[in-house]
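Have a look at structure00.cif; it's mmCIF, C-alpha atoms:
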```cif
data_protein
loop_
_atom_site.label_atom_id
_atom_site.label_comp_id
_atom_site.auth_asym_id
_atom_site.auth_seq_id
_atom_site.Cartn_x
_atom_site.Cartn_y
_atom_site.Cartn_z
CA MET A 1 -29.38 -11.04 -22.75
CA HIS A 2 -26.94 -10.95 -25.66
CA ALA A 3 -23.84 -13.12 -25.27
CA ARG A 4 -21.47 -10.15 -25.21
CA ASN A 5 -23.49 -8.34 -22.55
CA LEU A 6 -23.61 -11.53 -20.51
CA ILE A 7 -19.81 -11.77 -20.63
CA ILE A 8 -19.50 -8.14 -19.54
CA ALA A 9 -21.90 -8.69 -16.67
CA LEU A 10 -20.01 -11.75 -15.52
CA LEU A 11 -16.67 -9.96 -15.68
CA ILE A 12 -17.92 -6.95 -13.78
CA GLY A 13 -19.70 -9.12 -11.26
CA ALA A 14 -16.55 -11.14 -10.70
CA ALA A 15 -14.41 -8.11 -9.97
CA PRO A 16 -14.04 -7.54 -6.23
CA ALA A 17 -14.30 -3.90 -5.20
CA PRO A 18 -11.10 -2.29 -3.96
CA GLN A 19 -10.95 -2.70 -0.18
CA ALA A 20 -10.78 0.56 1.74
CA ALA A 21 -8.59 0.44 4.82
CA SER A 22 -10.84 2.15 7.35
CA PHE A 23 -14.03 0.13 6.90
CA ASP A 24 -15.31 -3.17 5.55
CA CYS A 25 -16.43 -2.75 1.94
CA GLY A 26 -18.60 -5.82 2.35
CA LYS A 27 -20.73 -3.75 4.74
CA ALA A 28 -20.72 -0.51 2.74
CA ALA A 29 -24.19 1.02 3.10
CA THR A 30 -24.08 4.70 2.14
CA TRP A 31 -23.44 6.17 -1.30
CA VAL A 32 -20.13 7.59 -0.08
CA GLU A 33 -18.90 4.24 1.26
CA LYS A 34 -19.91 2.43 -1.93
CA ALA A 35 -18.24 5.09 -4.08
CA ILE A 36 -14.99 4.68 -2.14
CA CYS A 37 -15.12 0.91 -2.52
CA ARG A 38 -15.79 1.14 -6.27
CA ASP A 39 -13.04 3.66 -6.99
CA ALA A 40 -9.45 2.41 -6.69
CA GLY A 41 -8.11 5.94 -6.30
CA LEU A 42 -10.52 6.82 -3.51
CA SER A 43 -9.86 3.50 -1.82
CA ALA A 44 -6.12 4.24 -1.85
CA LEU A 45 -6.73 7.74 -0.47
CA ASP A 46 -8.93 6.29 2.26
CA GLU A 47 -6.17 3.87 3.22
CA THR A 48 -3.60 6.67 3.39
CA MET A 49 -5.93 8.92 5.37
CA ALA A 50 -6.72 6.15 7.87
CA GLU A 51 -3.05 5.35 8.40
CA ARG A 52 -2.11 9.00 8.87
CA PHE A 53 -4.99 9.54 11.27
CA ARG A 54 -3.88 6.59 13.40
CA THR A 55 -0.33 7.91 13.46
CA ALA A 56 -1.45 11.46 14.26
CA GLN A 57 -3.75 10.31 17.06
CA GLU A 58 -1.02 8.19 18.64
CA SER A 59 1.31 11.20 18.79
CA ALA A 60 -1.33 13.84 19.61
CA ALA A 61 -1.20 15.69 22.92
CA ASP A 62 -5.01 15.38 23.09
CA PRO A 63 -6.17 12.19 21.30
CA THR A 64 -9.82 12.91 22.20
CA ALA A 65 -9.70 16.26 20.42
CA MET A 66 -8.12 14.57 17.41
CA LEU A 67 -10.97 12.05 17.33
CA THR A 68 -13.56 14.84 17.54
CA GLU A 69 -11.86 16.59 14.62
CA GLN A 70 -11.90 13.37 12.61
CA ARG A 71 -15.61 12.85 13.23
CA ALA A 72 -16.31 16.40 12.06
CA TRP A 73 -14.33 15.72 8.89
CA LEU A 74 -16.30 12.51 8.28
CA LYS A 75 -19.52 14.53 8.36
CA ARG A 76 -18.10 16.89 5.74
CA ARG A 77 -16.95 13.93 3.64
CA ASN A 78 -20.35 12.29 3.86
CA ALA A 79 -21.98 15.46 2.54
CA CYS A 80 -20.27 14.91 -0.84
CA ARG A 81 -22.48 13.95 -3.76
CA ASN A 82 -19.81 13.21 -6.38
CA THR A 83 -16.38 11.62 -6.52
CA THR A 84 -14.63 14.91 -7.32
CA CYS A 85 -15.79 16.24 -3.97
CA LEU A 86 -14.59 13.06 -2.25
CA HIS A 87 -11.14 13.32 -3.83
CA GLU A 88 -10.87 16.94 -2.69
CA ARG A 89 -12.02 16.14 0.85
CA TYR A 90 -9.54 13.28 1.19
CA GLU A 91 -6.58 15.17 -0.24
CA ALA A 92 -7.28 18.13 2.07
CA ARG A 93 -7.60 15.85 5.10
CA ILE A 94 -4.38 14.02 4.28
CA GLN A 95 -2.53 17.33 4.03
CA SER A 96 -4.05 18.47 7.32
CA LEU A 97 -2.97 15.29 9.08
CA LYS A 98 0.48 15.59 7.54
CA ALA A 99 0.77 19.11 8.98
CA SER A 100 -0.38 17.81 12.35
CA LEU A 101 2.27 15.11 12.28
CA ALA A 102 4.92 17.62 11.31
CA GLY A 103 3.96 19.75 14.29
CA THR A 104 4.30 16.90 16.78
CA SER A 105 7.30 15.07 15.35
CA ASP A 106 10.86 14.98 16.56
CA PRO A 107 12.69 18.11 15.33
CA SER A 108 15.41 15.83 13.95
CA THR A 109 12.93 14.11 11.63
CA PRO A 110 13.45 15.25 8.02
CA GLU A 111 10.71 17.44 6.57
CA VAL A 112 8.70 15.67 3.88
CA SER A 113 6.68 17.16 1.03
CA GLU A 114 4.78 15.31 -1.66
CA GLY A 115 5.55 14.62 -5.29
CA ARG A 116 2.84 13.75 -7.76
CA ILE A 117 2.58 12.13 -11.19
CA THR A 118 -0.80 12.37 -12.89
CA ASP A 119 -2.12 11.54 -16.32
CA SER A 120 -5.59 10.84 -17.62
CA GLY A 121 -7.48 10.31 -20.82
CA PRO A 122 -10.81 8.94 -22.04
CA SER A 123 -9.73 5.38 -21.34
CA HIS A 124 -7.23 5.63 -18.49
CA SER A 125 -6.26 7.45 -15.32
CA LEU A 126 -2.97 7.57 -13.47
CA SER A 127 -2.27 9.12 -10.08
CA VAL A 128 0.95 8.51 -8.19
CA LEU A 129 2.00 10.18 -4.94
CA TYR A 130 5.46 9.88 -3.41
CA PRO A 131 7.43 11.56 -0.61
CA VAL A 132 10.11 14.16 -1.24
CA PHE A 133 12.57 14.89 1.57
CA ALA A 134 13.59 18.52 2.05
CA ASP A 135 16.97 17.74 3.63
CA PRO A 136 19.70 18.31 0.99
CA GLY A 137 21.60 15.44 2.59
CA LEU A 138 18.87 13.08 1.38
CA ALA A 139 19.15 14.05 -2.29
CA GLU A 140 20.22 10.52 -3.23
CA VAL A 141 17.26 9.12 -1.32
CA ASN A 142 14.94 11.38 -3.34
CA ARG A 143 16.54 10.27 -6.59
CA GLU A 144 16.07 6.60 -5.73
CA VAL A 145 12.47 7.18 -4.66
CA ARG A 146 11.73 8.79 -8.01
CA ARG A 147 13.46 5.96 -9.89
CA PHE A 148 11.38 3.47 -7.94
CA VAL A 149 8.13 5.31 -8.63
CA ASP A 150 8.99 5.54 -12.33
CA SER A 151 9.49 1.77 -12.34
CA LEU A 152 5.89 1.40 -11.14
CA VAL A 153 4.52 3.84 -13.71
CA GLN A 154 6.43 2.86 -16.85
CA PRO A 155 4.94 -0.64 -17.37
CA PHE A 156 1.45 0.86 -17.20
CA ARG A 157 2.33 3.52 -19.77
CA ASP A 158 4.09 1.01 -21.99
CA GLU A 159 0.98 -1.13 -22.14
CA LEU A 160 -1.50 1.66 -22.88
CA PRO A 161 -1.05 1.42 -26.67
CA ASN A 162 -2.25 -2.19 -26.42
CA GLN A 163 -5.35 -1.33 -24.40
CA ALA A 164 -7.84 -1.56 -27.26
CA GLN A 165 -6.49 -4.95 -28.30
CA ALA A 166 -6.44 -6.21 -24.71
CA ASP A 167 -10.04 -5.17 -24.01
CA GLY A 168 -11.30 -6.35 -27.40
CA ASP A 169 -15.01 -5.75 -27.91
CA LEU A 170 -15.77 -5.75 -24.19
CA GLU A 171 -16.98 -2.49 -22.67
CA MET A 172 -14.42 -2.45 -19.90
CA PRO A 173 -13.88 0.28 -17.29
CA PRO A 174 -10.96 2.66 -17.91
CA TRP A 175 -7.54 1.36 -17.03
CA SER A 176 -6.28 2.85 -13.79
CA LEU A 177 -3.03 3.08 -11.85
CA GLN A 178 -3.34 4.59 -8.38
CA VAL A 179 -0.30 4.68 -6.08
CA THR A 180 0.01 6.34 -2.70
CA TYR A 181 2.03 5.73 0.46
CA ALA A 182 1.80 5.66 4.23
CA PRO A 183 3.92 8.14 6.21
CA PRO A 184 7.58 7.11 5.76
CA TYR A 185 9.29 5.43 8.68
CA ILE A 186 12.54 7.32 9.20
CA ALA A 187 15.01 5.28 11.23
CA PRO A 188 18.55 6.38 12.10
CA HIS A 189 20.15 4.29 9.34
CA TYR A 190 17.39 3.75 6.81
CA ILE A 191 14.11 5.10 5.47
CA ALA A 192 11.19 2.75 4.78
CA ILE A 193 8.30 3.82 2.53
CA ASP A 194 5.22 1.64 2.21
CA PHE A 195 3.82 2.26 -1.27
CA ASN A 196 0.40 0.81 -2.00
CA GLY A 197 -2.41 1.21 -4.48
CA TYR A 198 -4.30 -0.51 -7.27
CA ASP A 199 -3.45 -1.41 -10.87
CA PHE A 200 -6.30 -2.22 -13.26
CA ARG A 201 -5.51 -3.11 -16.87
CA GLY A 202 -8.66 -4.86 -17.98
CA GLY A 203 -9.88 -8.33 -17.16
CA ALA A 204 -12.01 -9.48 -14.27
CA HIS A 205 -10.12 -7.42 -11.70
CA GLY A 206 -7.01 -5.39 -11.08
CA MET A 207 -4.25 -6.12 -8.60
CA PRO A 208 -3.36 -4.33 -5.39
CA ILE A 209 0.05 -2.70 -5.43
CA ILE A 210 2.29 -3.79 -2.57
CA ALA A 211 5.64 -2.06 -2.91
CA PRO A 212 7.65 -1.40 0.24
CA LEU A 213 10.85 0.52 -0.43
CA VAL A 214 13.74 0.50 2.05
CA LEU A 215 16.65 2.87 1.44
CA LYS A 216 19.89 3.30 3.34
CA ARG A 217 20.59 6.75 4.76
CA PRO A 218 22.04 8.92 3.34
CA SER A 219 23.31 7.05 0.27
CA GLY A 220 19.87 6.09 -1.04
CA GLN A 221 21.07 2.53 -1.64
CA ARG A 222 18.06 0.31 -2.13
CA LEU A 223 18.04 -2.50 0.41
CA SER A 224 16.78 -5.95 -0.48
CA SER A 225 15.23 -8.38 1.97
CA THR A 226 18.60 -10.12 2.30
CA ASP A 227 20.30 -6.83 3.25
CA LEU A 228 18.14 -6.53 6.37
CA PHE A 229 19.56 -9.66 7.98
CA VAL A 230 22.82 -11.08 9.29
CA PRO A 231 24.32 -13.51 6.76
CA GLY A 232 23.99 -17.11 7.88
CA SER A 233 21.26 -16.33 10.44
CA ASP A 234 18.66 -18.57 8.74
CA TRP A 235 16.29 -15.63 8.58
CA LEU A 236 14.30 -17.29 5.82
CA GLY A 237 13.67 -20.36 7.94
CA PHE A 238 12.57 -18.23 10.88
CA LEU A 239 10.25 -16.04 8.77
CA SER A 240 8.80 -19.12 7.11
CA ASP A 241 7.92 -20.82 10.40
CA TYR A 242 6.65 -17.62 12.02
CA CYS A 243 4.45 -16.61 9.09
CA TYR A 244 3.00 -20.08 8.59
CA ASP A 245 2.07 -20.28 12.27
CA ALA A 246 0.53 -16.79 12.14
CA LEU A 247 -1.53 -17.50 9.02
CA LYS A 248 -2.64 -21.10 9.48
CA ASP A 249 -5.60 -20.21 11.70
CA ARG A 250 -6.99 -17.44 9.49
CA ASP A 251 -10.28 -18.14 7.74
CA PHE A 252 -8.82 -18.71 4.29
CA ALA A 253 -6.09 -21.11 5.42
CA SER A 254 -8.21 -24.21 5.99
CA ALA A 255 -9.06 -24.34 2.28
CA ASP A 256 -5.60 -25.37 1.08
CA ASP A 257 -2.74 -26.01 3.49
CA ASP A 258 -0.39 -26.94 0.63
CA TRP A 259 -0.98 -23.51 -0.91
CA LEU A 260 -0.15 -21.81 2.39
CA ARG A 261 2.96 -23.92 2.93
CA SER A 262 4.18 -23.18 -0.59
CA GLY A 263 3.66 -19.42 -0.22
CA THR A 264 5.42 -19.27 3.14
CA ALA A 265 8.25 -21.64 2.19
CA PRO A 266 11.77 -20.37 3.03
CA LYS A 267 12.50 -18.95 -0.41
CA THR A 268 13.76 -15.44 -1.07
CA GLU A 269 11.06 -14.83 -3.70
CA ASN A 270 8.38 -15.37 -1.04
CA TYR A 271 9.82 -12.63 1.17
CA GLN A 272 10.27 -9.67 -1.15
CA TRP A 273 7.64 -7.51 0.55
CA LEU A 274 9.19 -6.63 3.92
CA PHE A 275 8.58 -3.36 5.74
CA PRO A 276 10.74 -2.60 8.79
CA GLY A 277 8.49 -0.15 10.63
CA PRO A 278 8.31 1.30 14.13
CA LYS A 279 6.79 -1.77 15.82
CA GLY A 280 8.48 -4.58 13.96
CA LEU A 281 8.95 -6.20 10.58
CA THR A 282 5.79 -6.51 8.50
CA VAL A 283 5.80 -9.38 6.01
CA THR A 284 3.17 -9.08 3.28
CA PHE A 285 2.03 -11.78 0.87
CA PRO A 286 0.28 -10.51 -2.29
CA PRO A 287 -2.95 -12.10 -3.55
CA TYR A 288 -2.55 -15.66 -4.82
CA MET A 289 0.68 -16.24 -2.88
CA VAL A 290 -0.85 -17.88 0.19
CA ALA A 291 -4.57 -17.61 -0.55
CA PRO A 292 -7.14 -16.87 -3.28
CA TYR A 293 -7.55 -13.35 -4.64
CA ALA A 294 -10.75 -12.87 -2.67
CA ALA A 295 -8.82 -13.27 0.59
CA GLY A 296 -6.73 -10.22 -0.31
CA PRO A 297 -3.11 -9.57 0.69
CA GLN A 298 -2.05 -11.14 3.96
CA SER A 299 0.33 -9.44 6.40
CA VAL A 300 2.18 -10.65 9.47
CA LEU A 301 3.85 -8.30 11.96
CA ILE A 302 6.93 -9.77 13.66
CA PRO A 303 8.10 -7.83 16.74
CA TYR A 304 11.76 -6.89 16.62
CA ALA A 305 12.36 -8.76 19.88
CA ARG A 306 11.56 -12.01 18.07
CA LEU A 307 14.20 -11.19 15.45
CA SER A 308 17.02 -10.65 17.92
CA GLY A 309 20.37 -11.78 16.53
CA ARG A 310 19.06 -11.95 12.97
CA LEU A 311 18.72 -8.28 11.98
CA SER A 312 21.69 -6.42 10.50
CA PRO A 313 23.36 -4.42 13.30
CA GLU A 314 24.51 -1.89 10.70
CA LEU A 315 20.88 -0.97 10.05
CA PHE A 316 19.07 -1.71 13.30
CA THR A 317 21.51 -0.52 15.97
CA PRO A 318 20.40 2.93 17.26
#
```

Rewrite the coordinates I just gave you, this time as structure tokens.
Amino acid sequence: MHARNLIIALLIGAAPAPQAASFDCGKAATWVEKAICRDAGLSALDETMAERFRTAQESAADPTAMLTEQRAWLKRRNACRNTTCLHERYEARIQSLKASLAGTSDPSTPEVSEGRITDSGPSHSLSVLYPVFADPGLAEVNREVRRFVDSLVQPFRDELPNQAQADGDLEMPPWSLQVTYAPPYIAPHYIAIDFNGYDFRGGAHGMPIIAPLVLKRPSGQRLSSTDLFVPGSDWLGFLSDYCYDALKDRDFASADDDWLRSGTAPKTENYQWLFPGPKGLTVTFPPYMVAPYAAGPQSVLIPYARLSGRLSPELFTP
């Protein structure tokens, strides 16, 4: 094997497949499952679909019927023989689940449509989805969502002119930016949107996108981690202890306790990825923060009851 081809093989072999949310890519057996695991965009769609299905089933009047419908859709998905078909199946299913959720939600919940940014060429693809709220009173929220999404897209576009130089002589896969989101959590005083996806710009592998966005209602003010807590409540110390205890027994943790302690240390930069959802506060650590890349992102859900006295009453009082 020529040296250059050997390097390419090593790079491709070293790149972990994107992890789909609804099944273990390490056990992917069918062509459809393998295609989803190889394609960052499909993997992101699968994650969104799985999350929306779980939410829809939890709120469905007949969860069994919802499960039967999902199984029928899986059969249609598995009949696909190309990735275009898979994209179409997923996008249609996501829209169907969104409609189902809209039909069972609280009438006071703002209606949400979907914005989209797409761009593609011979050497790159870009697909970004984001929520758009129909309520005119949330216009500032929509503006801040779009500003946030643009901040995810612009670095990718800025770097495209350097793609040829970055890849060099290696026959690398096209660069790809895929961003989607789980159904927004709409609380009385804030809206939380969990953006996720995959960003590949050459090299051995891309990086998962972990980008929770929390906005105050109705001003659209972007809330930082610090804004979620009562000043002086030692929230960093509490999160540090809680997350370390939650992660220390996971499979990856035994390899390097110092790494885990450093990543969960009570520093603001370690706790940028907070999502205040319906069941509690989810703390996410990106790859390399508490564990090797192969371990993937690590998340810890902290029930709100455990955060009593620390959360901002302005945001978390009904």

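Residues in contact with range 132-135 of chain A at 10 Å, where only C-alpha atoms are counted and same-chain residues fewer than 4 positions away are skipped, are listed as Thr109, Pro110, Glu111, Val112, Ser113, Glu114, Gly115, Arg116, Ala139, Val141, Asn142, Arg143, Val145 and Arg146 of chain A.
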
Problem - Interatomic distance, CA of Glu91 in chain A to CA of Met49 in chain A (Å, one decimal) - result: 8.4 Å

Exercise for the section: Could you state which residues are captured by the PyMOL selection byres ((chain A and resi 23) around 12) in this file, as a VMD selection string? Expected result: chain A and resid 18 to 22 24 to 29 32 to 34 36 to 37 43 46 to 47 50

Problem - the PyMOL selection byres ((chain A and resi 279) around 10) applied to the shown file, residues as JSON, numbers by chain - result: {"A": [276, 277, 278, 280, 281, 282, 301, 302, 303, 304, 305]}

Problem - Hits from the PyMOL selection byres ((chain A and resi 194) around 6), listed as a PyMOL selection string - result: chain A and resi 181-182+193+195+212

Completion exercise
One decimal place gives the CA of Leu228 in chain A-CA of Val149 in chain A separation as 21.6 Å

I need range 109-149 of chain A written out with N, CA and C atoms, as a tab-separated table (two decimals), in the first residue's frame; please produce it.
```tsv
chain	number	residue	atom	x	y	z
A	109	THR	N	-49.16	26.93	25.08
A	109	THR	CA	-47.80	26.74	24.57
A	109	THR	C	-47.67	27.41	23.20
A	110	PRO	N	-46.66	28.24	23.01
A	110	PRO	CA	-46.51	28.93	21.72
A	110	PRO	C	-46.34	27.95	20.56
A	111	GLU	N	-46.96	28.27	19.44
A	111	GLU	CA	-46.81	27.46	18.24
A	111	GLU	C	-45.39	27.64	17.68
A	112	VAL	N	-44.82	26.53	17.23
A	112	VAL	CA	-43.44	26.56	16.74
A	112	VAL	C	-43.38	25.99	15.33
A	113	SER	N	-42.75	26.74	14.42
A	113	SER	CA	-42.45	26.23	13.09
A	113	SER	C	-40.94	26.03	13.00
A	114	GLU	N	-40.45	25.75	11.81
A	114	GLU	CA	-39.04	25.41	11.70
A	114	GLU	C	-38.34	26.25	10.64
A	115	GLY	N	-37.23	26.85	11.03
A	115	GLY	CA	-36.37	27.54	10.09
A	115	GLY	C	-35.27	26.62	9.61
A	116	ARG	N	-34.70	26.95	8.47
A	116	ARG	CA	-33.71	26.06	7.87
A	116	ARG	C	-32.65	26.87	7.13
A	117	ILE	N	-31.40	26.50	7.32
A	117	ILE	CA	-30.28	27.05	6.55
A	117	ILE	C	-29.58	25.88	5.88
A	118	THR	N	-29.49	25.91	4.56
A	118	THR	CA	-28.83	24.81	3.85
A	118	THR	C	-27.86	25.37	2.82
A	119	ASP	N	-26.84	24.61	2.59
A	119	ASP	CA	-25.83	24.99	1.59
A	119	ASP	C	-25.03	23.73	1.28
A	120	SER	N	-24.70	23.53	0.03
A	120	SER	CA	-23.90	22.35	-0.30
A	120	SER	C	-23.09	22.63	-1.56
A	121	GLY	N	-22.04	21.87	-1.69
A	121	GLY	CA	-21.17	21.96	-2.85
A	121	GLY	C	-20.43	20.65	-3.01
A	122	PRO	N	-19.53	20.57	-3.98
A	122	PRO	CA	-18.81	19.31	-4.20
A	122	PRO	C	-18.01	18.85	-2.98
A	123	SER	N	-17.60	19.80	-2.14
A	123	SER	CA	-16.71	19.42	-1.04
A	123	SER	C	-17.27	19.76	0.33
A	124	HIS	N	-18.56	20.15	0.41
A	124	HIS	CA	-19.11	20.46	1.72
A	124	HIS	C	-20.63	20.35	1.70
A	125	SER	N	-21.19	20.18	2.89
A	125	SER	CA	-22.65	20.24	3.04
A	125	SER	C	-22.96	20.90	4.37
A	126	LEU	N	-24.05	21.65	4.39
A	126	LEU	CA	-24.45	22.39	5.58
A	126	LEU	C	-25.96	22.30	5.70
A	127	SER	N	-26.43	21.87	6.85
A	127	SER	CA	-27.86	21.79	7.10
A	127	SER	C	-28.12	22.17	8.55
A	128	VAL	N	-28.86	23.24	8.75
A	128	VAL	CA	-29.13	23.75	10.09
A	128	VAL	C	-30.63	23.96	10.25
A	129	LEU	N	-31.20	23.37	11.28
A	129	LEU	CA	-32.61	23.55	11.60
A	129	LEU	C	-32.71	24.30	12.92
A	130	TYR	N	-33.73	25.17	13.01
A	130	TYR	CA	-33.92	25.91	14.25
A	130	TYR	C	-35.39	26.27	14.41
A	131	PRO	N	-35.87	26.43	15.64
A	131	PRO	CA	-37.29	26.72	15.86
A	131	PRO	C	-37.61	28.19	15.62
A	132	VAL	N	-38.82	28.42	15.15
A	132	VAL	CA	-39.33	29.79	14.96
A	132	VAL	C	-40.69	29.85	15.65
A	133	PHE	N	-40.83	30.76	16.59
A	133	PHE	CA	-42.05	30.87	17.38
A	133	PHE	C	-43.03	31.83	16.70
A	134	ALA	N	-44.29	31.37	16.57
A	134	ALA	CA	-45.29	32.15	15.83
A	134	ALA	C	-45.81	33.34	16.63
A	135	ASP	N	-45.74	33.27	17.94
A	135	ASP	CA	-46.26	34.34	18.79
A	135	ASP	C	-45.50	35.65	18.54
A	136	PRO	N	-46.19	36.71	18.11
A	136	PRO	CA	-45.50	38.00	17.88
A	136	PRO	C	-44.79	38.51	19.12
A	137	GLY	N	-45.27	38.12	20.29
A	137	GLY	CA	-44.64	38.55	21.53
A	137	GLY	C	-43.27	37.93	21.76
A	138	LEU	N	-42.92	36.93	20.94
A	138	LEU	CA	-41.62	36.28	21.07
A	138	LEU	C	-40.69	36.65	19.91
A	139	ALA	N	-40.95	37.81	19.31
A	139	ALA	CA	-40.12	38.25	18.18
A	139	ALA	C	-38.65	38.39	18.59
A	140	GLU	N	-38.41	38.91	19.80
A	140	GLU	CA	-37.02	39.06	20.25
A	140	GLU	C	-36.37	37.71	20.50
A	141	VAL	N	-37.16	36.75	20.95
A	141	VAL	CA	-36.64	35.39	21.11
A	141	VAL	C	-36.21	34.84	19.75
A	142	ASN	N	-37.06	35.02	18.74
A	142	ASN	CA	-36.71	34.55	17.39
A	142	ASN	C	-35.44	35.21	16.87
A	143	ARG	N	-35.30	36.50	17.13
A	143	ARG	CA	-34.10	37.19	16.65
A	143	ARG	C	-32.84	36.64	17.32
A	144	GLU	N	-32.94	36.36	18.61
A	144	GLU	CA	-31.77	35.84	19.32
A	144	GLU	C	-31.46	34.41	18.89
A	145	VAL	N	-32.50	33.62	18.63
A	145	VAL	CA	-32.27	32.26	18.12
A	145	VAL	C	-31.52	32.32	16.80
A	146	ARG	N	-31.95	33.21	15.91
A	146	ARG	CA	-31.27	33.30	14.61
A	146	ARG	C	-29.83	33.79	14.77
A	147	ARG	N	-29.61	34.75	15.67
A	147	ARG	CA	-28.24	35.20	15.90
A	147	ARG	C	-27.37	34.06	16.41
A	148	PHE	N	-27.94	33.26	17.29
A	148	PHE	CA	-27.20	32.13	17.85
A	148	PHE	C	-26.86	31.11	16.77
A	149	VAL	N	-27.85	30.79	15.94
A	149	VAL	CA	-27.62	29.83	14.86
A	149	VAL	C	-26.57	30.35	13.89
```
